[in-house]
file my_file_1.txt (compact mmCIF, N, CA and C atoms)
# COMPACT_ATOMS: atom_id res chain seq x y z
N VAL A 1 101.64 31.91 117.81
CA VAL A 1 100.74 31.48 118.87
C VAL A 1 99.48 30.87 118.25
N GLN A 2 99.12 29.71 118.72
CA GLN A 2 97.87 29.08 118.27
C GLN A 2 96.93 29.00 119.47
N LEU A 3 95.67 29.31 119.19
CA LEU A 3 94.64 29.29 120.23
C LEU A 3 93.55 28.31 119.84
N GLN A 4 93.23 27.41 120.75
CA GLN A 4 92.19 26.41 120.51
C GLN A 4 91.08 26.59 121.53
N ALA A 5 89.94 27.02 121.04
CA ALA A 5 88.80 27.27 121.93
C ALA A 5 87.85 26.08 121.93
N SER A 6 87.16 25.92 123.03
CA SER A 6 86.17 24.84 123.14
C SER A 6 85.12 25.22 124.16
N GLY A 7 83.99 24.53 124.12
CA GLY A 7 83.00 24.68 125.18
C GLY A 7 81.71 25.37 124.80
N GLY A 8 81.58 25.83 123.57
CA GLY A 8 80.34 26.47 123.19
C GLY A 8 79.20 25.46 123.08
N GLY A 9 78.00 25.98 122.85
CA GLY A 9 76.86 25.09 122.69
C GLY A 9 75.56 25.83 122.86
N LEU A 10 74.50 25.05 123.03
CA LEU A 10 73.15 25.59 123.18
C LEU A 10 72.72 25.43 124.63
N VAL A 11 72.18 26.49 125.18
CA VAL A 11 71.74 26.46 126.57
C VAL A 11 70.50 27.34 126.70
N GLN A 12 69.66 27.02 127.66
CA GLN A 12 68.48 27.84 127.91
C GLN A 12 68.86 29.07 128.72
N ALA A 13 68.07 30.09 128.60
CA ALA A 13 68.30 31.30 129.38
C ALA A 13 68.34 30.96 130.87
N GLY A 14 69.30 31.57 131.55
CA GLY A 14 69.49 31.27 132.96
C GLY A 14 70.51 30.18 133.22
N GLY A 15 70.90 29.49 132.18
CA GLY A 15 71.85 28.40 132.31
C GLY A 15 73.29 28.87 132.30
N SER A 16 74.18 27.90 132.29
CA SER A 16 75.61 28.18 132.37
C SER A 16 76.37 27.42 131.29
N LEU A 17 77.48 28.00 130.89
CA LEU A 17 78.43 27.34 130.00
C LEU A 17 79.82 27.76 130.43
N ARG A 18 80.78 26.91 130.08
CA ARG A 18 82.18 27.22 130.37
C ARG A 18 82.99 27.08 129.08
N LEU A 19 83.65 28.15 128.72
CA LEU A 19 84.53 28.14 127.56
C LEU A 19 85.98 28.01 128.02
N SER A 20 86.74 27.29 127.23
CA SER A 20 88.17 27.16 127.50
C SER A 20 88.96 27.50 126.26
N CYS A 21 90.17 27.98 126.48
CA CYS A 21 91.06 28.32 125.36
C CYS A 21 92.48 27.93 125.75
N ALA A 22 93.08 27.08 124.95
CA ALA A 22 94.44 26.64 125.20
C ALA A 22 95.38 27.30 124.21
N ALA A 23 96.44 27.89 124.72
CA ALA A 23 97.45 28.53 123.88
C ALA A 23 98.65 27.61 123.70
N SER A 24 99.20 27.62 122.50
CA SER A 24 100.40 26.83 122.22
C SER A 24 101.29 27.60 121.25
N GLY A 25 102.49 27.11 121.06
CA GLY A 25 103.42 27.79 120.18
C GLY A 25 104.31 28.75 120.95
N SER A 26 104.57 29.90 120.38
CA SER A 26 105.46 30.89 120.98
C SER A 26 104.69 31.72 121.99
N ILE A 27 104.39 31.10 123.13
CA ILE A 27 103.54 31.75 124.12
C ILE A 27 104.30 32.64 125.07
N PHE A 28 105.64 32.56 125.03
CA PHE A 28 106.43 33.42 125.91
C PHE A 28 106.17 34.86 125.52
N GLY A 29 105.86 35.67 126.50
CA GLY A 29 105.65 37.08 126.20
C GLY A 29 104.20 37.48 126.03
N ILE A 30 103.28 36.52 126.09
CA ILE A 30 101.86 36.88 126.03
C ILE A 30 101.54 37.74 127.24
N SER A 31 101.00 38.92 126.99
CA SER A 31 100.73 39.85 128.08
C SER A 31 99.28 39.80 128.55
N ALA A 32 98.41 39.35 127.70
CA ALA A 32 97.00 39.30 128.07
C ALA A 32 96.29 38.24 127.24
N MET A 33 95.26 37.69 127.83
CA MET A 33 94.38 36.77 127.10
C MET A 33 92.95 37.11 127.46
N GLY A 34 92.07 36.90 126.52
CA GLY A 34 90.69 37.26 126.80
C GLY A 34 89.72 36.64 125.82
N TRP A 35 88.48 37.07 125.94
CA TRP A 35 87.40 36.61 125.09
C TRP A 35 86.68 37.80 124.48
N TYR A 36 86.40 37.68 123.22
CA TYR A 36 85.56 38.63 122.51
C TYR A 36 84.37 37.84 121.96
N ARG A 37 83.34 38.57 121.55
CA ARG A 37 82.20 37.91 120.92
C ARG A 37 81.65 38.77 119.80
N GLN A 38 81.02 38.08 118.86
CA GLN A 38 80.40 38.79 117.75
C GLN A 38 79.05 38.18 117.48
N ALA A 39 78.03 38.98 117.66
CA ALA A 39 76.66 38.55 117.38
C ALA A 39 76.34 38.88 115.92
N PRO A 40 75.36 38.20 115.34
CA PRO A 40 75.00 38.47 113.94
C PRO A 40 74.67 39.94 113.72
N GLY A 41 75.31 40.53 112.72
CA GLY A 41 75.04 41.91 112.37
C GLY A 41 75.68 42.93 113.29
N LYS A 42 76.50 42.47 114.21
CA LYS A 42 77.14 43.40 115.16
C LYS A 42 78.65 43.28 115.07
N GLN A 43 79.31 44.29 115.61
CA GLN A 43 80.76 44.27 115.64
C GLN A 43 81.26 43.37 116.77
N ARG A 44 82.48 42.93 116.58
CA ARG A 44 83.10 42.14 117.64
C ARG A 44 83.33 43.04 118.85
N GLU A 45 83.05 42.49 120.05
CA GLU A 45 83.20 43.28 121.26
C GLU A 45 83.94 42.48 122.32
N LEU A 46 84.62 43.22 123.18
CA LEU A 46 85.33 42.60 124.28
C LEU A 46 84.33 42.08 125.31
N VAL A 47 84.57 40.85 125.77
CA VAL A 47 83.76 40.28 126.84
C VAL A 47 84.53 40.36 128.16
N ALA A 48 85.74 39.82 128.16
CA ALA A 48 86.56 39.81 129.36
C ALA A 48 88.01 39.62 128.95
N ILE A 49 88.89 40.24 129.72
CA ILE A 49 90.31 40.12 129.43
C ILE A 49 91.08 40.06 130.73
N ILE A 50 92.12 39.26 130.75
CA ILE A 50 92.93 39.11 131.95
C ILE A 50 94.39 39.33 131.59
N PHE A 51 95.02 40.21 132.35
CA PHE A 51 96.42 40.55 132.16
C PHE A 51 97.26 39.82 133.19
N SER A 52 98.53 39.69 132.90
CA SER A 52 99.44 39.05 133.85
C SER A 52 99.53 39.90 135.11
N GLY A 53 99.11 39.36 136.23
CA GLY A 53 99.26 40.03 137.50
C GLY A 53 98.31 41.18 137.75
N ILE A 54 97.32 41.34 136.88
CA ILE A 54 96.37 42.45 137.04
C ILE A 54 94.96 41.89 137.05
N ASN A 55 94.09 42.53 137.82
CA ASN A 55 92.71 42.07 137.87
C ASN A 55 92.07 42.11 136.49
N PRO A 56 91.20 41.16 136.21
CA PRO A 56 90.57 41.13 134.89
C PRO A 56 89.57 42.27 134.69
N ASN A 57 89.31 42.56 133.44
CA ASN A 57 88.30 43.54 133.07
C ASN A 57 87.14 42.85 132.37
N TYR A 58 85.95 43.34 132.59
CA TYR A 58 84.75 42.76 132.00
C TYR A 58 83.93 43.84 131.30
N ALA A 59 83.23 43.41 130.27
CA ALA A 59 82.23 44.29 129.69
C ALA A 59 81.11 44.48 130.70
N ALA A 60 80.53 45.66 130.70
CA ALA A 60 79.47 45.96 131.67
C ALA A 60 78.31 44.97 131.56
N SER A 61 78.05 44.51 130.36
CA SER A 61 76.90 43.64 130.13
C SER A 61 77.07 42.25 130.74
N VAL A 62 78.31 41.87 131.08
CA VAL A 62 78.53 40.52 131.62
C VAL A 62 79.07 40.54 133.04
N LYS A 63 79.37 41.71 133.53
CA LYS A 63 79.95 41.81 134.87
C LYS A 63 78.99 41.23 135.90
N GLY A 64 79.53 40.40 136.78
CA GLY A 64 78.71 39.75 137.79
C GLY A 64 78.14 38.42 137.35
N ARG A 65 78.19 38.15 136.04
CA ARG A 65 77.66 36.88 135.53
C ARG A 65 78.77 35.99 134.96
N PHE A 66 79.78 36.62 134.38
CA PHE A 66 80.88 35.88 133.75
C PHE A 66 82.14 36.04 134.61
N THR A 67 82.95 34.99 134.61
CA THR A 67 84.22 35.03 135.32
C THR A 67 85.31 34.45 134.43
N ILE A 68 86.36 35.23 134.24
CA ILE A 68 87.50 34.76 133.45
C ILE A 68 88.60 34.34 134.40
N SER A 69 89.27 33.25 134.07
CA SER A 69 90.38 32.79 134.89
C SER A 69 91.49 32.29 133.98
N ARG A 70 92.69 32.29 134.51
CA ARG A 70 93.86 31.91 133.71
C ARG A 70 94.66 30.87 134.48
N ASP A 71 95.01 29.82 133.80
CA ASP A 71 95.86 28.77 134.36
C ASP A 71 97.20 28.84 133.64
N ASN A 72 98.16 29.50 134.25
CA ASN A 72 99.45 29.71 133.59
C ASN A 72 100.19 28.40 133.36
N ALA A 73 100.01 27.45 134.27
CA ALA A 73 100.71 26.17 134.12
C ALA A 73 100.24 25.43 132.88
N LYS A 74 98.96 25.60 132.53
CA LYS A 74 98.39 24.91 131.37
C LYS A 74 98.24 25.82 130.17
N ASN A 75 98.66 27.09 130.31
CA ASN A 75 98.52 28.07 129.22
C ASN A 75 97.08 28.11 128.71
N THR A 76 96.17 28.17 129.65
CA THR A 76 94.75 28.10 129.34
C THR A 76 94.00 29.22 130.03
N ILE A 77 92.99 29.73 129.37
CA ILE A 77 92.05 30.60 130.05
C ILE A 77 90.66 29.99 129.94
N ASN A 78 89.85 30.30 130.92
CA ASN A 78 88.48 29.80 130.96
C ASN A 78 87.53 30.97 131.14
N LEU A 79 86.34 30.82 130.64
CA LEU A 79 85.29 31.81 130.83
C LEU A 79 84.06 31.08 131.35
N GLN A 80 83.79 31.27 132.61
CA GLN A 80 82.59 30.70 133.21
C GLN A 80 81.44 31.67 133.02
N MET A 81 80.41 31.23 132.33
CA MET A 81 79.29 32.10 132.00
C MET A 81 78.05 31.59 132.71
N ASN A 82 77.55 32.39 133.63
CA ASN A 82 76.35 32.03 134.40
C ASN A 82 75.22 32.99 134.06
N SER A 83 74.02 32.59 134.41
CA SER A 83 72.83 33.43 134.18
C SER A 83 72.78 33.93 132.75
N LEU A 84 72.99 33.05 131.83
CA LEU A 84 73.05 33.43 130.42
C LEU A 84 71.72 33.99 129.93
N LYS A 85 71.83 34.95 129.04
CA LYS A 85 70.67 35.61 128.45
C LYS A 85 70.68 35.42 126.94
N PRO A 86 69.53 35.52 126.31
CA PRO A 86 69.51 35.38 124.84
C PRO A 86 70.45 36.37 124.15
N GLU A 87 70.63 37.53 124.72
CA GLU A 87 71.53 38.52 124.12
C GLU A 87 73.00 38.15 124.24
N ASP A 88 73.30 37.09 124.97
CA ASP A 88 74.68 36.59 125.01
C ASP A 88 74.99 35.70 123.81
N THR A 89 73.99 35.40 123.02
CA THR A 89 74.19 34.56 121.83
C THR A 89 75.16 35.24 120.87
N ALA A 90 76.22 34.52 120.54
CA ALA A 90 77.26 35.07 119.67
C ALA A 90 78.31 33.99 119.40
N VAL A 91 79.19 34.30 118.48
CA VAL A 91 80.40 33.50 118.33
C VAL A 91 81.45 34.12 119.25
N TYR A 92 82.02 33.30 120.10
CA TYR A 92 83.00 33.76 121.06
C TYR A 92 84.40 33.41 120.57
N TYR A 93 85.28 34.41 120.62
CA TYR A 93 86.64 34.24 120.13
C TYR A 93 87.64 34.42 121.26
N CYS A 94 88.55 33.51 121.34
CA CYS A 94 89.66 33.63 122.26
C CYS A 94 90.72 34.55 121.66
N ASN A 95 91.32 35.37 122.48
CA ASN A 95 92.31 36.34 122.01
C ASN A 95 93.54 36.32 122.92
N ALA A 96 94.70 36.50 122.31
CA ALA A 96 95.93 36.67 123.08
C ALA A 96 96.68 37.86 122.52
N VAL A 97 97.31 38.61 123.40
CA VAL A 97 98.09 39.78 123.01
C VAL A 97 99.56 39.49 123.28
N GLY A 98 100.38 39.62 122.25
CA GLY A 98 101.79 39.34 122.39
C GLY A 98 102.57 40.52 122.93
N SER A 99 103.86 40.33 123.06
CA SER A 99 104.72 41.34 123.68
C SER A 99 104.86 42.59 122.83
N PHE A 100 104.54 42.51 121.55
CA PHE A 100 104.57 43.69 120.68
C PHE A 100 103.15 44.15 120.35
N ASN A 101 102.23 43.80 121.23
CA ASN A 101 100.81 44.15 121.09
C ASN A 101 100.17 43.55 119.83
N GLU A 102 100.75 42.48 119.33
CA GLU A 102 100.10 41.80 118.21
C GLU A 102 98.99 40.91 118.75
N ASN A 103 97.93 40.77 117.96
CA ASN A 103 96.78 40.00 118.38
C ASN A 103 96.74 38.63 117.70
N TYR A 104 96.39 37.64 118.49
CA TYR A 104 96.18 36.30 117.98
C TYR A 104 94.74 35.90 118.30
N TRP A 105 94.14 35.14 117.38
CA TRP A 105 92.73 34.78 117.53
C TRP A 105 92.53 33.28 117.39
N GLY A 106 91.63 32.76 118.21
CA GLY A 106 91.19 31.39 118.05
C GLY A 106 90.13 31.31 116.97
N GLN A 107 89.61 30.12 116.74
CA GLN A 107 88.71 29.87 115.62
C GLN A 107 87.27 30.26 115.91
N GLY A 108 86.93 30.57 117.13
CA GLY A 108 85.56 30.94 117.46
C GLY A 108 84.73 29.73 117.85
N THR A 109 83.89 29.94 118.84
CA THR A 109 82.98 28.89 119.27
C THR A 109 81.61 29.51 119.50
N LEU A 110 80.58 28.85 118.99
CA LEU A 110 79.24 29.42 119.01
C LEU A 110 78.54 29.14 120.33
N VAL A 111 78.01 30.19 120.90
CA VAL A 111 77.17 30.08 122.09
C VAL A 111 75.77 30.55 121.71
N THR A 112 74.79 29.70 121.92
CA THR A 112 73.41 30.03 121.62
C THR A 112 72.58 29.89 122.88
N VAL A 113 71.91 30.98 123.25
CA VAL A 113 71.07 30.98 124.44
C VAL A 113 69.62 31.13 124.01
N SER A 114 68.83 30.14 124.29
CA SER A 114 67.42 30.17 123.90
C SER A 114 66.57 30.75 125.02
N SER A 115 65.51 31.42 124.60
CA SER A 115 64.64 32.08 125.59
C SER A 115 63.54 31.14 126.06
call {"tool": "encode", "arguments": {"input": "my_file_1.txt", "output": "structure tokens"}}
result
Amino acid sequence: VQLQASGGGLVQAGGSLRLSCAASGSIFGISAMGWYRQAPGKQRELVAIIFSGINPNYAASVKGRFTISRDNAKNTINLQMNSLKPEDTAVYYCNAVGSFNENYWGQGTLVTVSS
């Protein structure tokens, strides 16, 4: 499985960005796709994840501000990020979970929120 992320950039606090991730390759059997992020000096953390046929889960810090969606026809997930805060600054990674719970990662896209 290959994951190609796009959509990061620089935005002012209170602004919005939309991240996209396209999956290709052996995508049959992917059970979940989501976004993680890693800020400088911190561990990678889950932002949002969406399972097949199940409501998505969000980190408490982004709930109500971020929305994850999945387009099965295009094998794509999107992360709409609204009301961005400086603490949302991080490298965002797209993730997919295969049928044997193996993890696949995209290359990461930088989101910078200025105050």
call {"tool": "closest_residue", "arguments": {"input": "my_file_1.txt", "among": "A:Lys74, A:Lys42, A:Lys63, A:Lys85", "to": "Cys21 of chain A", "atoms": "all atoms listed in the file"}}
result
A:Lys74
call {"tool": "closest_residue", "arguments": {"input": "my_file_1.txt", "among": "A:Met81, A:Ile50, A:Val113, A:Ala96", "to": "Ser26 of chain A", "atoms": "only C-alpha atoms"}}
result
A:Ala96
call {"tool": "atom_distance", "arguments": {"input": "my_file_1.txt", "atom1": "atom CA of Met33 of chain A", "atom2": "atom CA of Ser16 of chain A"}}
result
21.3 Å
call {"tool": "closest_residue", "arguments": {"input": "my_file_1.txt", "among": "A:Gly34, A:Gly15, A:Gly7, A:Pro40", "to": "Ile68 of chain A", "atoms": "all atoms listed in the file"}}
result
A:Gly34
call {"tool": "closest_residue", "arguments": {"input": "my_file_1.txt", "among": "A:Ser24, A:Asn95, A:Ser52, A:Thr67", "to": "Gly108 of chain A", "atoms": "only C-alpha atoms"}}
result
A:Asn95
call {"tool": "residues_near_point", "arguments": {"input": "my_file_1.txt", "point": "(88.2, 42.9, 133.7)", "cutoff": "9 Å", "atoms": "only C-alpha atoms", "output": "list in words"}}
result
Val47, Ala48, Ile49, Ile50, Phe51, Ile54, Asn55, Pro56, Asn57, Tyr58, Ala59, Lys63, Thr67 and Ile68 of chain A
call {"tool": "write_last_selection", "arguments": {"input": "my_file_1.txt", "atoms": "N, CA and C atoms", "output": "compact mmCIF listing (two decimals), keeping the file's coordinate frame"}}
result
# COMPACT_ATOMS: atom_id res chain seq x y z
N VAL A 47 84.57 40.85 125.77
CA VAL A 47 83.76 40.28 126.84
C VAL A 47 84.53 40.36 128.16
N ALA A 48 85.74 39.82 128.16
CA ALA A 48 86.56 39.81 129.36
C ALA A 48 88.01 39.62 128.95
N ILE A 49 88.89 40.24 129.72
CA ILE A 49 90.31 40.12 129.43
C ILE A 49 91.08 40.06 130.73
N ILE A 50 92.12 39.26 130.75
CA ILE A 50 92.93 39.11 131.95
C ILE A 50 94.39 39.33 131.59
N PHE A 51 95.02 40.21 132.35
CA PHE A 51 96.42 40.55 132.16
C PHE A 51 97.26 39.82 133.19
N ILE A 54 97.32 41.34 136.88
CA ILE A 54 96.37 42.45 137.04
C ILE A 54 94.96 41.89 137.05
N ASN A 55 94.09 42.53 137.82
CA ASN A 55 92.71 42.07 137.87
C ASN A 55 92.07 42.11 136.49
N PRO A 56 91.20 41.16 136.21
CA PRO A 56 90.57 41.13 134.89
C PRO A 56 89.57 42.27 134.69
N ASN A 57 89.31 42.56 133.44
CA ASN A 57 88.30 43.54 133.07
C ASN A 57 87.14 42.85 132.37
N TYR A 58 85.95 43.34 132.59
CA TYR A 58 84.75 42.76 132.00
C TYR A 58 83.93 43.84 131.30
N ALA A 59 83.23 43.41 130.27
CA ALA A 59 82.23 44.29 129.69
C ALA A 59 81.11 44.48 130.70
N LYS A 63 79.37 41.71 133.53
CA LYS A 63 79.95 41.81 134.87
C LYS A 63 78.99 41.23 135.90
N THR A 67 82.95 34.99 134.61
CA THR A 67 84.22 35.03 135.32
C THR A 67 85.31 34.45 134.43
N ILE A 68 86.36 35.23 134.24
CA ILE A 68 87.50 34.76 133.45
C ILE A 68 88.60 34.34 134.40
call {"tool": "select_by_dssp", "arguments": {"input": "my_file_1.txt", "residues": "segment 3-106 of chain A", "states": "strand (DSSP E or B)", "output": "short mmCIF file (atom, residue, chain, number, x, y, z; two decimals) with N, CA and C atoms, in the coordinates of the input"}}
result
data_model
loop_
_atom_site.label_atom_id
_atom_site.label_comp_id
_atom_site.auth_asym_id
_atom_site.auth_seq_id
_atom_site.Cartn_x
_atom_site.Cartn_y
_atom_site.Cartn_z
N LEU A 3 95.67 29.31 119.19
CA LEU A 3 94.64 29.29 120.23
C LEU A 3 93.55 28.31 119.84
N GLN A 4 93.23 27.41 120.75
CA GLN A 4 92.19 26.41 120.51
C GLN A 4 91.08 26.59 121.53
N ALA A 5 89.94 27.02 121.04
CA ALA A 5 88.80 27.27 121.93
C ALA A 5 87.85 26.08 121.93
N SER A 6 87.16 25.92 123.03
CA SER A 6 86.17 24.84 123.14
C SER A 6 85.12 25.22 124.16
N GLY A 9 78.00 25.98 122.85
CA GLY A 9 76.86 25.09 122.69
C GLY A 9 75.56 25.83 122.86
N LEU A 10 74.50 25.05 123.03
CA LEU A 10 73.15 25.59 123.18
C LEU A 10 72.72 25.43 124.63
N VAL A 11 72.18 26.49 125.18
CA VAL A 11 71.74 26.46 126.57
C VAL A 11 70.50 27.34 126.70
N GLN A 12 69.66 27.02 127.66
CA GLN A 12 68.48 27.84 127.91
C GLN A 12 68.86 29.07 128.72
N LEU A 17 77.48 28.00 130.89
CA LEU A 17 78.43 27.34 130.00
C LEU A 17 79.82 27.76 130.43
N ARG A 18 80.78 26.91 130.08
CA ARG A 18 82.18 27.22 130.37
C ARG A 18 82.99 27.08 129.08
N LEU A 19 83.65 28.15 128.72
CA LEU A 19 84.53 28.14 127.56
C LEU A 19 85.98 28.01 128.02
N SER A 20 86.74 27.29 127.23
CA SER A 20 88.17 27.16 127.50
C SER A 20 88.96 27.50 126.26
N CYS A 21 90.17 27.98 126.48
CA CYS A 21 91.06 28.32 125.36
C CYS A 21 92.48 27.93 125.75
N ALA A 22 93.08 27.08 124.95
CA ALA A 22 94.44 26.64 125.20
C ALA A 22 95.38 27.30 124.21
N ALA A 23 96.44 27.89 124.72
CA ALA A 23 97.45 28.53 123.88
C ALA A 23 98.65 27.61 123.70
N SER A 24 99.20 27.62 122.50
CA SER A 24 100.40 26.83 122.22
C SER A 24 101.29 27.60 121.25
N ALA A 32 98.41 39.35 127.70
CA ALA A 32 97.00 39.30 128.07
C ALA A 32 96.29 38.24 127.24
N MET A 33 95.26 37.69 127.83
CA MET A 33 94.38 36.77 127.10
C MET A 33 92.95 37.11 127.46
N GLY A 34 92.07 36.90 126.52
CA GLY A 34 90.69 37.26 126.80
C GLY A 34 89.72 36.64 125.82
N TRP A 35 88.48 37.07 125.94
CA TRP A 35 87.40 36.61 125.09
C TRP A 35 86.68 37.80 124.48
N TYR A 36 86.40 37.68 123.22
CA TYR A 36 85.56 38.63 122.51
C TYR A 36 84.37 37.84 121.96
N ARG A 37 83.34 38.57 121.55
CA ARG A 37 82.20 37.91 120.92
C ARG A 37 81.65 38.77 119.80
N GLN A 38 81.02 38.08 118.86
CA GLN A 38 80.40 38.79 117.75
C GLN A 38 79.05 38.18 117.48
N GLU A 45 83.05 42.49 120.05
CA GLU A 45 83.20 43.28 121.26
C GLU A 45 83.94 42.48 122.32
N LEU A 46 84.62 43.22 123.18
CA LEU A 46 85.33 42.60 124.28
C LEU A 46 84.33 42.08 125.31
N VAL A 47 84.57 40.85 125.77
CA VAL A 47 83.76 40.28 126.84
C VAL A 47 84.53 40.36 128.16
N ALA A 48 85.74 39.82 128.16
CA ALA A 48 86.56 39.81 129.36
C ALA A 48 88.01 39.62 128.95
N ILE A 49 88.89 40.24 129.72
CA ILE A 49 90.31 40.12 129.43
C ILE A 49 91.08 40.06 130.73
N ILE A 50 92.12 39.26 130.75
CA ILE A 50 92.93 39.11 131.95
C ILE A 50 94.39 39.33 131.59
N PHE A 51 95.02 40.21 132.35
CA PHE A 51 96.42 40.55 132.16
C PHE A 51 97.26 39.82 133.19
N ILE A 54 97.32 41.34 136.88
CA ILE A 54 96.37 42.45 137.04
C ILE A 54 94.96 41.89 137.05
N ASN A 55 94.09 42.53 137.82
CA ASN A 55 92.71 42.07 137.87
C ASN A 55 92.07 42.11 136.49
N PRO A 56 91.20 41.16 136.21
CA PRO A 56 90.57 41.13 134.89
C PRO A 56 89.57 42.27 134.69
N ASN A 57 89.31 42.56 133.44
CA ASN A 57 88.30 43.54 133.07
C ASN A 57 87.14 42.85 132.37
N TYR A 58 85.95 43.34 132.59
CA TYR A 58 84.75 42.76 132.00
C TYR A 58 83.93 43.84 131.30
N PHE A 66 79.78 36.62 134.38
CA PHE A 66 80.88 35.88 133.75
C PHE A 66 82.14 36.04 134.61
N THR A 67 82.95 34.99 134.61
CA THR A 67 84.22 35.03 135.32
C THR A 67 85.31 34.45 134.43
N ILE A 68 86.36 35.23 134.24
CA ILE A 68 87.50 34.76 133.45
C ILE A 68 88.60 34.34 134.40
N SER A 69 89.27 33.25 134.07
CA SER A 69 90.38 32.79 134.89
C SER A 69 91.49 32.29 133.98
N ARG A 70 92.69 32.29 134.51
CA ARG A 70 93.86 31.91 133.71
C ARG A 70 94.66 30.87 134.48
N ASP A 71 95.01 29.82 133.80
CA ASP A 71 95.86 28.77 134.36
C ASP A 71 97.20 28.84 133.64
N THR A 76 96.17 28.17 129.65
CA THR A 76 94.75 28.10 129.34
C THR A 76 94.00 29.22 130.03
N ILE A 77 92.99 29.73 129.37
CA ILE A 77 92.05 30.60 130.05
C ILE A 77 90.66 29.99 129.94
N ASN A 78 89.85 30.30 130.92
CA ASN A 78 88.48 29.80 130.96
C ASN A 78 87.53 30.97 131.14
N LEU A 79 86.34 30.82 130.64
CA LEU A 79 85.29 31.81 130.83
C LEU A 79 84.06 31.08 131.35
N GLN A 80 83.79 31.27 132.61
CA GLN A 80 82.59 30.70 133.21
C GLN A 80 81.44 31.67 133.02
N MET A 81 80.41 31.23 132.33
CA MET A 81 79.29 32.10 132.00
C MET A 81 78.05 31.59 132.71
N ALA A 90 76.22 34.52 120.54
CA ALA A 90 77.26 35.07 119.67
C ALA A 90 78.31 33.99 119.40
N VAL A 91 79.19 34.30 118.48
CA VAL A 91 80.40 33.50 118.33
C VAL A 91 81.45 34.12 119.25
N TYR A 92 82.02 33.30 120.10
CA TYR A 92 83.00 33.76 121.06
C TYR A 92 84.40 33.41 120.57
N TYR A 93 85.28 34.41 120.62
CA TYR A 93 86.64 34.24 120.13
C TYR A 93 87.64 34.42 121.26
N CYS A 94 88.55 33.51 121.34
CA CYS A 94 89.66 33.63 122.26
C CYS A 94 90.72 34.55 121.66
N ASN A 95 91.32 35.37 122.48
CA ASN A 95 92.31 36.34 122.01
C ASN A 95 93.54 36.32 122.92
N ALA A 96 94.70 36.50 122.31
CA ALA A 96 95.93 36.67 123.08
C ALA A 96 96.68 37.86 122.52
N VAL A 97 97.31 38.61 123.40
CA VAL A 97 98.09 39.78 123.01
C VAL A 97 99.56 39.49 123.28
N ASN A 103 97.93 40.77 117.96
CA ASN A 103 96.78 40.00 118.38
C ASN A 103 96.74 38.63 117.70
N TYR A 104 96.39 37.64 118.49
CA TYR A 104 96.18 36.30 117.98
C TYR A 104 94.74 35.90 118.30
N TRP A 105 94.14 35.14 117.38
CA TRP A 105 92.73 34.78 117.53
C TRP A 105 92.53 33.28 117.39
#
call {"tool": "atom_distance", "arguments": {"input": "my_file_1.txt", "atom1": "atom CA of Ala22 of chain A", "atom2": "atom CA of Ala60 of chain A"}}
result
25.3 Å
call {"tool": "closest_residue", "arguments": {"input": "my_file_1.txt", "among": "A:Tyr93, A:Phe66, A:Trp105, A:Phe100", "to": "Tyr36 of chain A", "atoms": "only C-alpha atoms"}}
result
A:Tyr93
call {"tool": "residues_around", "arguments": {"input": "my_file_1.txt", "residues": "Asn78 of chain A", "least_positions_apart": "2", "cutoff": "6.5 Å", "atoms": "all atoms listed in the file", "output": "NGL selection string"}}
result
:A and (18-21 or 67-71 or 76 or 80)
call {"tool": "atom_distance", "arguments": {"input": "my_file_1.txt", "atom1": "atom CA of Gly29 of chain A", "atom2": "atom CA of Val91 of chain A"}}
result
26.7 Å
call {"tool": "residues_around", "arguments": {"input": "my_file_1.txt", "residues": "Ile27 of chain A", "least_positions_apart": "6", "cutoff": "12 Å", "atoms": "only C-alpha atoms", "output": "ChimeraX atom specification"}}
result
/A:1-3,33,72-76,96-99,104
call {"tool": "closest_residue", "arguments": {"input": "my_file_1.txt", "among": "A:Pro86, A:Phe28, A:Gly64, A:Thr109", "to": "Gly14 of chain A", "atoms": "only C-alpha atoms"}}
result
A:Pro86
call {"tool": "axis_aligned_box", "arguments": {"input": "my_file_1.txt", "around": "segment 43-55 of chain A", "padding_each_side": "8 Å", "output": "JSON"}}
result
{"center_x": 89.4, "center_y": 41.7, "center_z": 126.7, "size_x": 36.2, "size_y": 21.2, "size_z": 38.3}
